[in-house]
file work-v8.cif (mmCIF, C-alpha atoms)
data_start
#
loop_
_atom_site.group_PDB
_atom_site.id
_atom_site.type_symbol
_atom_site.label_atom_id
_atom_site.label_comp_id
_atom_site.auth_asym_id
_atom_site.auth_seq_id
_atom_site.Cartn_x
_atom_site.Cartn_y
_atom_site.Cartn_z
ATOM 1 C CA MET A 1 53.035 -32.647 -148.786
ATOM 2 C CA SER A 2 55.841 -32.284 -146.310
ATOM 3 C CA GLN A 3 56.821 -34.530 -143.418
ATOM 4 C CA PHE A 4 55.117 -32.078 -141.032
ATOM 5 C CA ASP A 5 51.592 -32.411 -142.453
ATOM 6 C CA ASP A 6 48.960 -33.173 -139.828
ATOM 7 C CA GLN A 7 51.452 -33.659 -137.002
ATOM 8 C CA ILE A 8 49.326 -33.293 -133.852
ATOM 9 C CA THR A 9 50.660 -32.434 -130.411
ATOM 10 C CA ILE A 10 48.718 -31.987 -127.180
ATOM 11 C CA ARG A 11 50.050 -29.449 -124.716
ATOM 12 C CA LYS A 12 49.064 -27.546 -121.610
ATOM 13 C CA PHE A 13 47.095 -24.340 -122.235
ATOM 14 C CA ASN A 14 49.173 -21.190 -121.822
ATOM 15 C CA ASN A 15 47.230 -18.285 -120.366
ATOM 16 C CA THR A 16 48.217 -16.043 -123.291
ATOM 17 C CA SER A 17 46.080 -14.037 -125.685
ATOM 18 C CA THR A 18 46.817 -16.584 -128.444
ATOM 19 C CA ASP A 19 45.573 -19.573 -126.439
ATOM 20 C CA ILE A 20 42.621 -17.676 -124.964
ATOM 21 C CA GLU A 21 41.520 -16.530 -128.425
ATOM 22 C CA ALA A 22 41.882 -20.039 -129.858
ATOM 23 C CA PHE A 23 39.944 -21.535 -126.925
ATOM 24 C CA LYS A 24 37.156 -19.017 -127.466
ATOM 25 C CA ASN A 25 36.981 -19.310 -131.260
ATOM 26 C CA ILE A 26 37.053 -23.106 -131.317
ATOM 27 C CA SER A 27 34.427 -23.341 -128.578
ATOM 28 C CA LEU A 28 32.180 -20.876 -130.406
ATOM 29 C CA LEU A 29 32.115 -23.170 -133.461
ATOM 30 C CA TRP A 30 29.831 -25.607 -131.659
ATOM 31 C CA LEU A 31 28.331 -23.365 -128.957
ATOM 32 C CA GLU A 32 26.741 -20.866 -131.335
ATOM 33 C CA GLN A 33 24.219 -23.422 -132.602
ATOM 34 C CA PHE A 34 22.695 -23.459 -129.101
ATOM 35 C CA GLY A 35 23.015 -19.800 -128.148
ATOM 36 C CA LEU A 36 25.537 -18.632 -125.595
ATOM 37 C CA GLU A 37 24.655 -18.625 -121.918
ATOM 38 C CA ASP A 38 26.142 -16.271 -119.319
ATOM 39 C CA LYS A 39 28.394 -19.025 -117.969
ATOM 40 C CA ASP A 40 29.751 -19.595 -121.514
ATOM 41 C CA HIS A 41 30.768 -15.948 -121.798
ATOM 42 C CA GLN A 42 32.597 -16.109 -118.471
ATOM 43 C CA ILE A 43 34.518 -19.260 -119.368
ATOM 44 C CA LEU A 44 35.327 -18.215 -122.934
ATOM 45 C CA ASN A 45 36.650 -14.815 -121.896
ATOM 46 C CA ASP A 46 38.802 -16.171 -119.057
ATOM 47 C CA PRO A 47 39.138 -19.960 -119.206
ATOM 48 C CA HIS A 48 42.112 -20.027 -116.848
ATOM 49 C CA THR A 49 40.161 -18.422 -113.997
ATOM 50 C CA HIS A 50 36.909 -20.321 -114.587
ATOM 51 C CA ILE A 51 38.378 -23.805 -115.154
ATOM 52 C CA VAL A 52 41.919 -23.957 -113.764
ATOM 53 C CA GLU A 53 41.607 -21.710 -110.715
ATOM 54 C CA LYS A 54 37.934 -22.127 -109.777
ATOM 55 C CA TYR A 55 37.838 -25.909 -110.247
ATOM 56 C CA ASP A 56 41.463 -26.932 -109.657
ATOM 57 C CA GLY A 57 41.296 -27.884 -113.312
ATOM 58 C CA ASN A 58 43.381 -28.259 -116.409
ATOM 59 C CA LEU A 59 43.186 -26.906 -119.925
ATOM 60 C CA LEU A 60 44.801 -28.581 -122.909
ATOM 61 C CA VAL A 61 45.162 -27.574 -126.542
ATOM 62 C CA ALA A 62 45.903 -29.596 -129.651
ATOM 63 C CA GLU A 63 48.311 -28.088 -132.148
ATOM 64 C CA MET A 64 48.770 -29.172 -135.730
ATOM 65 C CA CYS A 65 51.835 -28.377 -137.781
ATOM 66 C CA ASP A 66 50.661 -26.519 -140.851
ATOM 67 C CA GLY A 67 53.129 -28.325 -143.134
ATOM 68 C CA ARG A 68 55.446 -25.394 -143.730
ATOM 69 C CA LEU A 69 59.150 -25.808 -143.249
ATOM 70 C CA ASP A 70 59.213 -23.190 -140.485
ATOM 71 C CA GLY A 71 57.269 -25.585 -138.251
ATOM 72 C CA LYS A 72 54.514 -23.069 -137.461
ATOM 73 C CA LYS A 73 51.682 -24.652 -135.509
ATOM 74 C CA GLU A 74 47.971 -23.885 -135.419
ATOM 75 C CA ILE A 75 45.751 -24.581 -132.400
ATOM 76 C CA VAL A 76 43.050 -26.918 -133.704
ATOM 77 C CA GLY A 77 41.461 -28.295 -130.531
ATOM 78 C CA VAL A 78 40.726 -27.449 -126.899
ATOM 79 C CA ILE A 79 39.447 -29.210 -123.791
ATOM 80 C CA GLY A 80 38.978 -28.474 -120.104
ATOM 81 C CA LEU A 81 39.006 -30.754 -117.078
ATOM 82 C CA MET A 82 37.435 -29.578 -113.810
ATOM 83 C CA ARG A 83 37.755 -31.237 -110.384
ATOM 84 C CA MET A 84 34.266 -31.568 -108.923
ATOM 85 C CA SER A 85 35.288 -33.609 -105.848
ATOM 86 C CA PRO A 86 38.486 -35.308 -104.704
ATOM 87 C CA THR A 87 37.789 -38.252 -107.033
ATOM 88 C CA SER A 88 35.435 -36.879 -109.698
ATOM 89 C CA PHE A 89 36.180 -34.628 -112.679
ATOM 90 C CA ASP A 90 34.051 -33.067 -115.420
ATOM 91 C CA VAL A 91 35.109 -32.557 -119.023
ATOM 92 C CA SER A 92 34.405 -29.062 -120.301
ATOM 93 C CA LYS A 93 34.423 -27.347 -123.696
ATOM 94 C CA LEU A 94 35.846 -30.059 -125.946
ATOM 95 C CA GLY A 95 36.078 -28.506 -129.394
ATOM 96 C CA VAL A 96 37.911 -28.980 -132.679
ATOM 97 C CA SER A 97 38.417 -26.368 -135.406
ATOM 98 C CA ALA A 98 37.192 -26.870 -138.960
ATOM 99 C CA SER A 99 40.757 -27.529 -140.166
ATOM 100 C CA GLY A 100 41.203 -30.164 -137.453
ATOM 101 C CA LYS A 101 38.030 -32.150 -138.105
ATOM 102 C CA GLY A 102 38.420 -35.782 -139.156
ATOM 103 C CA LYS A 103 41.977 -36.133 -137.856
ATOM 104 C CA GLY A 104 41.244 -37.781 -134.500
ATOM 105 C CA ILE A 105 41.977 -34.607 -132.553
ATOM 106 C CA GLY A 106 38.905 -34.826 -130.334
ATOM 107 C CA LYS A 107 39.844 -38.389 -129.436
ATOM 108 C CA LYS A 108 43.441 -37.412 -128.642
ATOM 109 C CA LEU A 109 42.275 -34.546 -126.419
ATOM 110 C CA LEU A 110 39.750 -36.709 -124.590
ATOM 111 C CA GLU A 111 42.324 -39.490 -124.093
ATOM 112 C CA ALA A 112 44.766 -36.903 -122.730
ATOM 113 C CA VAL A 113 42.297 -35.620 -120.108
ATOM 114 C CA ILE A 114 41.336 -39.175 -119.146
ATOM 115 C CA HIS A 115 45.029 -39.914 -118.543
ATOM 116 C CA LEU A 116 45.427 -36.646 -116.635
ATOM 117 C CA ALA A 117 42.355 -37.335 -114.476
ATOM 118 C CA LYS A 118 43.711 -40.793 -113.621
ATOM 119 C CA GLU A 119 47.029 -39.243 -112.595
ATOM 120 C CA ARG A 120 45.111 -36.817 -110.369
ATOM 121 C CA GLY A 121 43.234 -39.628 -108.575
ATOM 122 C CA ALA A 122 39.933 -39.652 -110.445
ATOM 123 C CA HIS A 123 37.495 -42.490 -109.938
ATOM 124 C CA THR A 124 35.011 -41.029 -112.424
ATOM 125 C CA ILE A 125 34.882 -38.488 -115.222
ATOM 126 C CA GLU A 126 31.555 -36.962 -116.202
ATOM 127 C CA LEU A 127 30.347 -34.557 -118.864
ATOM 128 C CA ASP A 128 27.255 -32.767 -120.066
ATOM 129 C CA THR A 129 26.448 -32.786 -123.758
ATOM 130 C CA ASN A 130 23.647 -32.422 -126.251
ATOM 131 C CA SER A 131 22.354 -35.246 -128.438
ATOM 132 C CA ARG A 132 22.645 -33.014 -131.543
ATOM 133 C CA LEU A 133 26.453 -33.214 -131.169
ATOM 134 C CA VAL A 134 26.493 -36.677 -132.766
ATOM 135 C CA PRO A 135 30.258 -36.934 -133.480
ATOM 136 C CA ALA A 136 31.078 -35.983 -129.875
ATOM 137 C CA TYR A 137 28.470 -38.363 -128.437
ATOM 138 C CA THR A 138 29.791 -41.193 -130.613
ATOM 139 C CA LEU A 139 33.342 -40.499 -129.445
ATOM 140 C CA TYR A 140 32.301 -40.504 -125.796
ATOM 141 C CA LYS A 141 30.582 -43.871 -126.222
ATOM 142 C CA LYS A 142 33.598 -45.294 -128.071
ATOM 143 C CA LEU A 143 35.881 -44.307 -125.191
ATOM 144 C CA GLY A 144 33.653 -45.993 -122.610
ATOM 145 C CA PHE A 145 31.352 -43.231 -121.343
ATOM 146 C CA SER A 146 27.803 -44.285 -120.545
ATOM 147 C CA ASN A 147 24.634 -42.283 -120.056
ATOM 148 C CA ILE A 148 23.634 -41.344 -116.507
ATOM 149 C CA PRO A 149 20.744 -39.239 -115.196
ATOM 150 C CA ILE A 150 21.064 -35.487 -115.714
ATOM 151 C CA ARG A 151 21.766 -33.627 -112.479
ATOM 152 C CA GLU A 152 19.041 -31.415 -111.067
ATOM 153 C CA ASP A 153 21.522 -28.530 -110.851
ATOM 154 C CA ILE A 154 22.458 -28.748 -114.526
ATOM 155 C CA ARG A 155 24.900 -26.058 -115.585
ATOM 156 C CA TYR A 156 23.629 -25.376 -119.098
ATOM 157 C CA ALA A 157 20.127 -25.202 -120.581
ATOM 158 C CA ARG A 158 21.399 -26.991 -123.738
ATOM 159 C CA THR A 159 22.262 -30.140 -121.761
ATOM 160 C CA ASP A 160 20.043 -33.095 -122.636
ATOM 161 C CA THR A 161 22.579 -35.856 -121.917
ATOM 162 C CA ARG A 162 24.945 -36.569 -119.021
ATOM 163 C CA MET A 163 27.640 -39.214 -119.347
ATOM 164 C CA GLN A 164 30.147 -40.881 -117.045
ATOM 165 C CA LEU A 165 33.350 -42.865 -117.451
ATOM 166 C CA VAL A 166 34.080 -45.091 -114.454
ATOM 167 C CA LEU A 167 37.838 -45.385 -113.900
ATOM 168 C CA VAL A 168 37.677 -47.148 -110.520
ATOM 169 C CA PRO A 169 34.606 -49.322 -109.982
ATOM 170 C CA LYS A 170 32.897 -48.872 -106.608
ATOM 171 C CA SER A 171 33.516 -52.538 -105.893
ATOM 172 C CA ASN A 172 37.274 -51.793 -105.915
ATOM 173 C CA LEU A 173 37.052 -48.996 -103.347
#

call {"tool": "encode", "arguments": {"input": "work-v8.cif", "output": "structure tokens"}}
result
Amino acid sequence: MSQFDDQITIRKFNNTSTDIEAFKNISLLWLEQFGLEDKDHQILNDPHTHIVEKYDGNLLVAEMCDGRLDGKKEIVGVIGLMRMSPTSFDVSKLGVSASGKGKGIGKKLLEAVIHLAKERGAHTIELDTNSRLVPAYTLYKKLGFSNIPIREDIRYARTDTRMQLVLVPKSNL
């Protein structure tokens, strides 16, 4: 093993064919078990428009050095952050590739968007998930998210759980 094995970096998504393809492929790994919805197709085919532009959002990717001396990196994780109001954001499309599983990549991505949301003035971060995604649900709980009622205007049929992380308690407002 070389000194570059499993070196993880988080960076801003570049709206290039490489990043778009990685975003799509990694997201499909978990989405396909539920069946794709129309909104999924839109986001996966053009994440920059449907997350960054439409929701004043951010996209991040996790790269892992493949251990070769040339320093080539592989995208092994993706996440989106969408502004829903001046002080509330939603996490979107957190996913980790098979080669990235078990390396703490999901946690690093989620911590990065929490930090980013704080910098952008967030009081809360919310997300929709499905209880069958046990590793993701466990991670959300570990990082302080708690269950809240599902919105009536839920975005995806697969959603059976809505969670929230309170960054600024209402008592401090």

call {"tool": "resolve_selection", "arguments": {"input": "work-v8.cif", "expression": "the PyMOL selection byres ((chain A and resi 23-27) around 12)", "output": "MDAnalysis selection string"}}
result
chainID A and resid 13:22 28:36 40:48 59:63 74:80 92:101 106

call {"tool": "resolve_selection", "arguments": {"input": "work-v8.cif", "expression": "the PyMOL selection byres ((chain A and resi 156) around 10)", "output": "PyMOL selection string"}}
result
chain A and resi 36-40+128-129+153-155+157-160

call {"tool": "atom_distance", "arguments": {"input": "work-v8.cif", "atom1": "CA of Lys12 (chain A)", "atom2": "CA of Gln164 (chain A)"}}
result
23.6 Å

call {"tool": "atom_distance", "arguments": {"input": "work-v8.cif", "atom1": "CA of Lys141 (chain A)", "atom2": "CA of Val166 (chain A)"}}
result
12.3 Å

call {"tool": "atom_distance", "arguments": {"input": "work-v8.cif", "atom1": "CA of Asn172 (chain A)", "atom2": "CA of Lys108 (chain A)"}}
result
27.6 Å

call {"tool": "resolve_selection", "arguments": {"input": "work-v8.cif", "expression": "the PyMOL selection byres ((chain A and resi 8) around 7)", "output": "PDB file with C-alpha atoms, in the coordinates of the input"}}
result
ATOM      1  CA  ASP A   6      48.960 -33.173-139.828  1.00  0.00           C
ATOM      2  CA  GLN A   7      51.452 -33.659-137.002  1.00  0.00           C
ATOM      3  CA  THR A   9      50.660 -32.434-130.411  1.00  0.00           C
ATOM      4  CA  ILE A  10      48.718 -31.987-127.180  1.00  0.00           C
ATOM      5  CA  ALA A  62      45.903 -29.596-129.651  1.00  0.00           C
ATOM      6  CA  GLU A  63      48.311 -28.088-132.148  1.00  0.00           C
ATOM      7  CA  MET A  64      48.770 -29.172-135.730  1.00  0.00           C
ATOM      8  CA  CYS A  65      51.835 -28.377-137.781  1.00  0.00           C
TER       9      CYS A  65
END

call {"tool": "residues_around", "arguments": {"input": "work-v8.cif", "residues": "Phe145 (chain A)", "least_positions_apart": "6", "cutoff": "9 Å", "atoms": "all atoms listed in the file", "output": "compact mmCIF listing (two decimals) with C-alpha atoms, in the coordinates of the input"}}
result
# COMPACT_ATOMS: atom_id res chain seq x y z
CA ILE A 125 34.88 -38.49 -115.22
CA GLU A 126 31.56 -36.96 -116.20
CA LEU A 139 33.34 -40.50 -129.44
CA MET A 163 27.64 -39.21 -119.35
CA GLN A 164 30.15 -40.88 -117.04
CA LEU A 165 33.35 -42.86 -117.45
CA VAL A 166 34.08 -45.09 -114.45

call {"tool": "axis_aligned_box", "arguments": {"input": "work-v8.cif", "around": "region 118-126 of chain A", "padding_each_side": "5 Å", "output": "lines of an AutoDock Vina configuration file"}}
result
center_x = 39.3
center_y = -39.7
center_z = -112.4
size_x = 25.5
size_y = 15.7
size_z = 17.6

call {"tool": "decode", "arguments": {"input": "work-v8.cif", "residues": "region 27-172 of chain A", "atoms": "C-alpha atoms", "output": "PDB file, in the first residue's frame"}}
result
ATOM      1  CA  SER A  27     -26.953   8.254  -6.827  1.00  0.00           C
ATOM      2  CA  LEU A  28     -28.338   5.385  -8.904  1.00  0.00           C
ATOM      3  CA  LEU A  29     -26.662   2.863  -6.572  1.00  0.00           C
ATOM      4  CA  TRP A  30     -29.216   3.583  -3.858  1.00  0.00           C
ATOM      5  CA  LEU A  31     -32.080   5.065  -5.903  1.00  0.00           C
ATOM      6  CA  GLU A  32     -32.634   2.017  -8.100  1.00  0.00           C
ATOM      7  CA  GLN A  33     -33.920  -0.062  -5.180  1.00  0.00           C
ATOM      8  CA  PHE A  34     -36.909   2.305  -4.981  1.00  0.00           C
ATOM      9  CA  GLY A  35     -37.527   2.982  -8.663  1.00  0.00           C
ATOM     10  CA  LEU A  36     -36.686   6.310 -10.232  1.00  0.00           C
ATOM     11  CA  GLU A  37     -39.205   9.129 -10.173  1.00  0.00           C
ATOM     12  CA  ASP A  38     -39.432  11.911 -12.765  1.00  0.00           C
ATOM     13  CA  LYS A  39     -37.780  14.387 -10.394  1.00  0.00           C
ATOM     14  CA  ASP A  40     -34.841  11.955  -9.968  1.00  0.00           C
ATOM     15  CA  HIS A  41     -34.261  11.873 -13.719  1.00  0.00           C
ATOM     16  CA  GLN A  42     -34.232  15.669 -13.886  1.00  0.00           C
ATOM     17  CA  ILE A  43     -31.751  16.049 -11.036  1.00  0.00           C
ATOM     18  CA  LEU A  44     -29.475  13.204 -12.126  1.00  0.00           C
ATOM     19  CA  ASN A  45     -29.228  14.448 -15.700  1.00  0.00           C
ATOM     20  CA  ASP A  46     -28.540  18.068 -14.723  1.00  0.00           C
ATOM     21  CA  PRO A  47     -27.719  18.416 -11.023  1.00  0.00           C
ATOM     22  CA  HIS A  48     -26.244  21.889 -11.433  1.00  0.00           C
ATOM     23  CA  THR A  49     -29.495  23.345 -12.784  1.00  0.00           C
ATOM     24  CA  HIS A  50     -31.817  21.463 -10.419  1.00  0.00           C
ATOM     25  CA  ILE A  51     -29.846  21.949  -7.179  1.00  0.00           C
ATOM     26  CA  VAL A  52     -27.405  24.843  -7.571  1.00  0.00           C
ATOM     27  CA  GLU A  53     -29.400  27.187  -9.801  1.00  0.00           C
ATOM     28  CA  LYS A  54     -32.996  26.326  -8.866  1.00  0.00           C
ATOM     29  CA  TYR A  55     -32.399  26.189  -5.104  1.00  0.00           C
ATOM     30  CA  ASP A  56     -29.398  28.494  -4.633  1.00  0.00           C
ATOM     31  CA  GLY A  57     -27.690  25.282  -3.604  1.00  0.00           C
ATOM     32  CA  ASN A  58     -24.353  23.568  -3.485  1.00  0.00           C
ATOM     33  CA  LEU A  59     -23.012  20.271  -4.734  1.00  0.00           C
ATOM     34  CA  LEU A  60     -19.982  18.547  -3.263  1.00  0.00           C
ATOM     35  CA  VAL A  61     -18.060  15.437  -4.249  1.00  0.00           C
ATOM     36  CA  ALA A  62     -15.690  13.221  -2.304  1.00  0.00           C
ATOM     37  CA  GLU A  63     -12.586  12.027  -4.104  1.00  0.00           C
ATOM     38  CA  MET A  64     -10.350   9.185  -3.038  1.00  0.00           C
ATOM     39  CA  CYS A  65      -6.800   8.751  -4.238  1.00  0.00           C
ATOM     40  CA  ASP A  66      -6.586   5.344  -5.851  1.00  0.00           C
ATOM     41  CA  GLY A  67      -3.131   4.647  -4.387  1.00  0.00           C
ATOM     42  CA  ARG A  68      -1.182   4.960  -7.615  1.00  0.00           C
ATOM     43  CA  LEU A  69       1.864   7.154  -7.757  1.00  0.00           C
ATOM     44  CA  ASP A  70       0.287   9.392 -10.403  1.00  0.00           C
ATOM     45  CA  GLY A  71      -2.181  10.648  -7.788  1.00  0.00           C
ATOM     46  CA  LYS A  72      -5.260   9.837  -9.886  1.00  0.00           C
ATOM     47  CA  LYS A  73      -8.465  10.361  -7.939  1.00  0.00           C
ATOM     48  CA  GLU A  74     -11.833   8.635  -8.156  1.00  0.00           C
ATOM     49  CA  ILE A  75     -15.119  10.307  -7.193  1.00  0.00           C
ATOM     50  CA  VAL A  76     -16.570   8.093  -4.464  1.00  0.00           C
ATOM     51  CA  GLY A  77     -19.297  10.255  -2.924  1.00  0.00           C
ATOM     52  CA  VAL A  78     -21.769  13.032  -3.716  1.00  0.00           C
ATOM     53  CA  ILE A  79     -24.150  15.314  -1.840  1.00  0.00           C
ATOM     54  CA  GLY A  80     -26.403  18.273  -2.563  1.00  0.00           C
ATOM     55  CA  LEU A  81     -27.545  21.141  -0.365  1.00  0.00           C
ATOM     56  CA  MET A  82     -30.611  23.177  -1.354  1.00  0.00           C
ATOM     57  CA  ARG A  83     -31.763  26.481   0.181  1.00  0.00           C
ATOM     58  CA  MET A  84     -35.458  26.158   0.994  1.00  0.00           C
ATOM     59  CA  SER A  85     -35.785  29.514   2.810  1.00  0.00           C
ATOM     60  CA  PRO A  86     -33.338  32.163   4.002  1.00  0.00           C
ATOM     61  CA  THR A  87     -32.481  30.039   7.056  1.00  0.00           C
ATOM     62  CA  SER A  88     -33.429  26.476   6.089  1.00  0.00           C
ATOM     63  CA  PHE A  89     -31.632  24.013   3.805  1.00  0.00           C
ATOM     64  CA  ASP A  90     -32.371  20.472   2.621  1.00  0.00           C
ATOM     65  CA  VAL A  91     -29.795  17.757   2.023  1.00  0.00           C
ATOM     66  CA  SER A  92     -30.222  16.006  -1.308  1.00  0.00           C
ATOM     67  CA  LYS A  93     -28.797  12.885  -2.949  1.00  0.00           C
ATOM     68  CA  LEU A  94     -26.159  11.804  -0.436  1.00  0.00           C
ATOM     69  CA  GLY A  95     -24.503   8.750  -1.946  1.00  0.00           C
ATOM     70  CA  VAL A  96     -21.285   6.760  -1.689  1.00  0.00           C
ATOM     71  CA  SER A  97     -19.861   4.379  -4.299  1.00  0.00           C
ATOM     72  CA  ALA A  98     -19.175   0.723  -3.562  1.00  0.00           C
ATOM     73  CA  SER A  99     -15.416   1.388  -3.412  1.00  0.00           C
ATOM     74  CA  GLY A 100     -16.002   4.207  -0.918  1.00  0.00           C
ATOM     75  CA  LYS A 101     -18.215   2.314   1.523  1.00  0.00           C
ATOM     76  CA  GLY A 102     -16.936   1.882   5.076  1.00  0.00           C
ATOM     77  CA  LYS A 103     -14.414   4.721   4.880  1.00  0.00           C
ATOM     78  CA  GLY A 104     -16.452   7.469   6.558  1.00  0.00           C
ATOM     79  CA  ILE A 105     -17.124   9.255   3.278  1.00  0.00           C
ATOM     80  CA  GLY A 106     -20.829   9.784   3.907  1.00  0.00           C
ATOM     81  CA  LYS A 107     -20.009  11.316   7.278  1.00  0.00           C
ATOM     82  CA  LYS A 108     -17.372  13.618   5.771  1.00  0.00           C
ATOM     83  CA  LEU A 109     -19.791  14.782   3.068  1.00  0.00           C
ATOM     84  CA  LEU A 110     -22.600  15.390   5.546  1.00  0.00           C
ATOM     85  CA  GLU A 111     -20.260  17.270   7.910  1.00  0.00           C
ATOM     86  CA  ALA A 112     -19.094  19.393   4.971  1.00  0.00           C
ATOM     87  CA  VAL A 113     -22.647  20.432   4.019  1.00  0.00           C
ATOM     88  CA  ILE A 114     -23.513  21.129   7.658  1.00  0.00           C
ATOM     89  CA  HIS A 115     -20.494  23.453   7.837  1.00  0.00           C
ATOM     90  CA  LEU A 116     -21.450  25.041   4.514  1.00  0.00           C
ATOM     91  CA  ALA A 117     -25.070  25.557   5.608  1.00  0.00           C
ATOM     92  CA  LYS A 118     -23.879  27.238   8.815  1.00  0.00           C
ATOM     93  CA  GLU A 119     -21.665  29.564   6.778  1.00  0.00           C
ATOM     94  CA  ARG A 120     -24.688  30.416   4.622  1.00  0.00           C
ATOM     95  CA  GLY A 121     -26.838  31.352   7.645  1.00  0.00           C
ATOM     96  CA  ALA A 122     -28.820  28.162   8.185  1.00  0.00           C
ATOM     97  CA  HIS A 123     -30.843  27.705  11.341  1.00  0.00           C
ATOM     98  CA  THR A 124     -31.999  24.231  10.304  1.00  0.00           C
ATOM     99  CA  ILE A 125     -31.086  21.496   7.857  1.00  0.00           C
ATOM    100  CA  GLU A 126     -33.702  18.945   6.853  1.00  0.00           C
ATOM    101  CA  LEU A 127     -33.777  15.834   4.697  1.00  0.00           C
ATOM    102  CA  ASP A 128     -36.115  13.176   3.400  1.00  0.00           C
ATOM    103  CA  THR A 129     -35.058   9.553   3.602  1.00  0.00           C
ATOM    104  CA  ASN A 130     -36.354   6.018   3.695  1.00  0.00           C
ATOM    105  CA  SER A 131     -36.098   3.728   6.716  1.00  0.00           C
ATOM    106  CA  ARG A 132     -34.636   0.945   4.519  1.00  0.00           C
ATOM    107  CA  LEU A 133     -31.473   3.076   4.152  1.00  0.00           C
ATOM    108  CA  VAL A 134     -30.260   1.984   7.599  1.00  0.00           C
ATOM    109  CA  PRO A 135     -26.610   3.143   7.313  1.00  0.00           C
ATOM    110  CA  ALA A 136     -27.726   6.617   6.190  1.00  0.00           C
ATOM    111  CA  TYR A 137     -30.395   6.860   8.902  1.00  0.00           C
ATOM    112  CA  THR A 138     -27.866   5.806  11.545  1.00  0.00           C
ATOM    113  CA  LEU A 139     -25.413   8.440  10.317  1.00  0.00           C
ATOM    114  CA  TYR A 140     -28.057  11.160  10.412  1.00  0.00           C
ATOM    115  CA  LYS A 141     -28.944  10.265  14.001  1.00  0.00           C
ATOM    116  CA  LYS A 142     -25.266  10.174  14.999  1.00  0.00           C
ATOM    117  CA  LEU A 143     -24.767  13.693  13.638  1.00  0.00           C
ATOM    118  CA  GLY A 144     -27.733  15.061  15.587  1.00  0.00           C
ATOM    119  CA  PHE A 145     -30.674  14.861  13.172  1.00  0.00           C
ATOM    120  CA  SER A 146     -34.018  13.989  14.720  1.00  0.00           C
ATOM    121  CA  ASN A 147     -37.252  12.763  13.196  1.00  0.00           C
ATOM    122  CA  ILE A 148     -39.927  15.335  12.353  1.00  0.00           C
ATOM    123  CA  PRO A 149     -43.323  14.954  10.672  1.00  0.00           C
ATOM    124  CA  ILE A 150     -43.250  14.331   6.923  1.00  0.00           C
ATOM    125  CA  ARG A 151     -44.404  17.346   4.925  1.00  0.00           C
ATOM    126  CA  GLU A 152     -47.717  17.123   3.112  1.00  0.00           C
ATOM    127  CA  ASP A 153     -46.007  18.230  -0.109  1.00  0.00           C
ATOM    128  CA  ILE A 154     -43.416  15.457   0.033  1.00  0.00           C
ATOM    129  CA  ARG A 155     -41.109  15.443  -2.967  1.00  0.00           C
ATOM    130  CA  TYR A 156     -40.627  11.700  -3.394  1.00  0.00           C
ATOM    131  CA  ALA A 157     -42.991   8.740  -3.028  1.00  0.00           C
ATOM    132  CA  ARG A 158     -40.165   6.712  -1.391  1.00  0.00           C
ATOM    133  CA  THR A 159     -39.974   9.122   1.563  1.00  0.00           C
ATOM    134  CA  ASP A 160     -41.133   7.564   4.826  1.00  0.00           C
ATOM    135  CA  THR A 161     -38.933   9.618   7.173  1.00  0.00           C
ATOM    136  CA  ARG A 162     -38.165  13.334   7.482  1.00  0.00           C
ATOM    137  CA  MET A 163     -35.343  14.536   9.708  1.00  0.00           C
ATOM    138  CA  GLN A 164     -34.054  17.876  10.949  1.00  0.00           C
ATOM    139  CA  LEU A 165     -30.831  19.189  12.449  1.00  0.00           C
ATOM    140  CA  VAL A 166     -31.353  22.355  14.492  1.00  0.00           C
ATOM    141  CA  LEU A 167     -28.308  24.629  14.222  1.00  0.00           C
ATOM    142  CA  VAL A 168     -29.843  27.675  15.932  1.00  0.00           C
ATOM    143  CA  PRO A 169     -32.512  26.893  18.522  1.00  0.00           C
ATOM    144  CA  LYS A 170     -35.662  29.020  18.270  1.00  0.00           C
ATOM    145  CA  SER A 171     -35.020  30.249  21.792  1.00  0.00           C
ATOM    146  CA  ASN A 172     -31.826  31.929  20.505  1.00  0.00           C
TER     147      ASN A 172
END
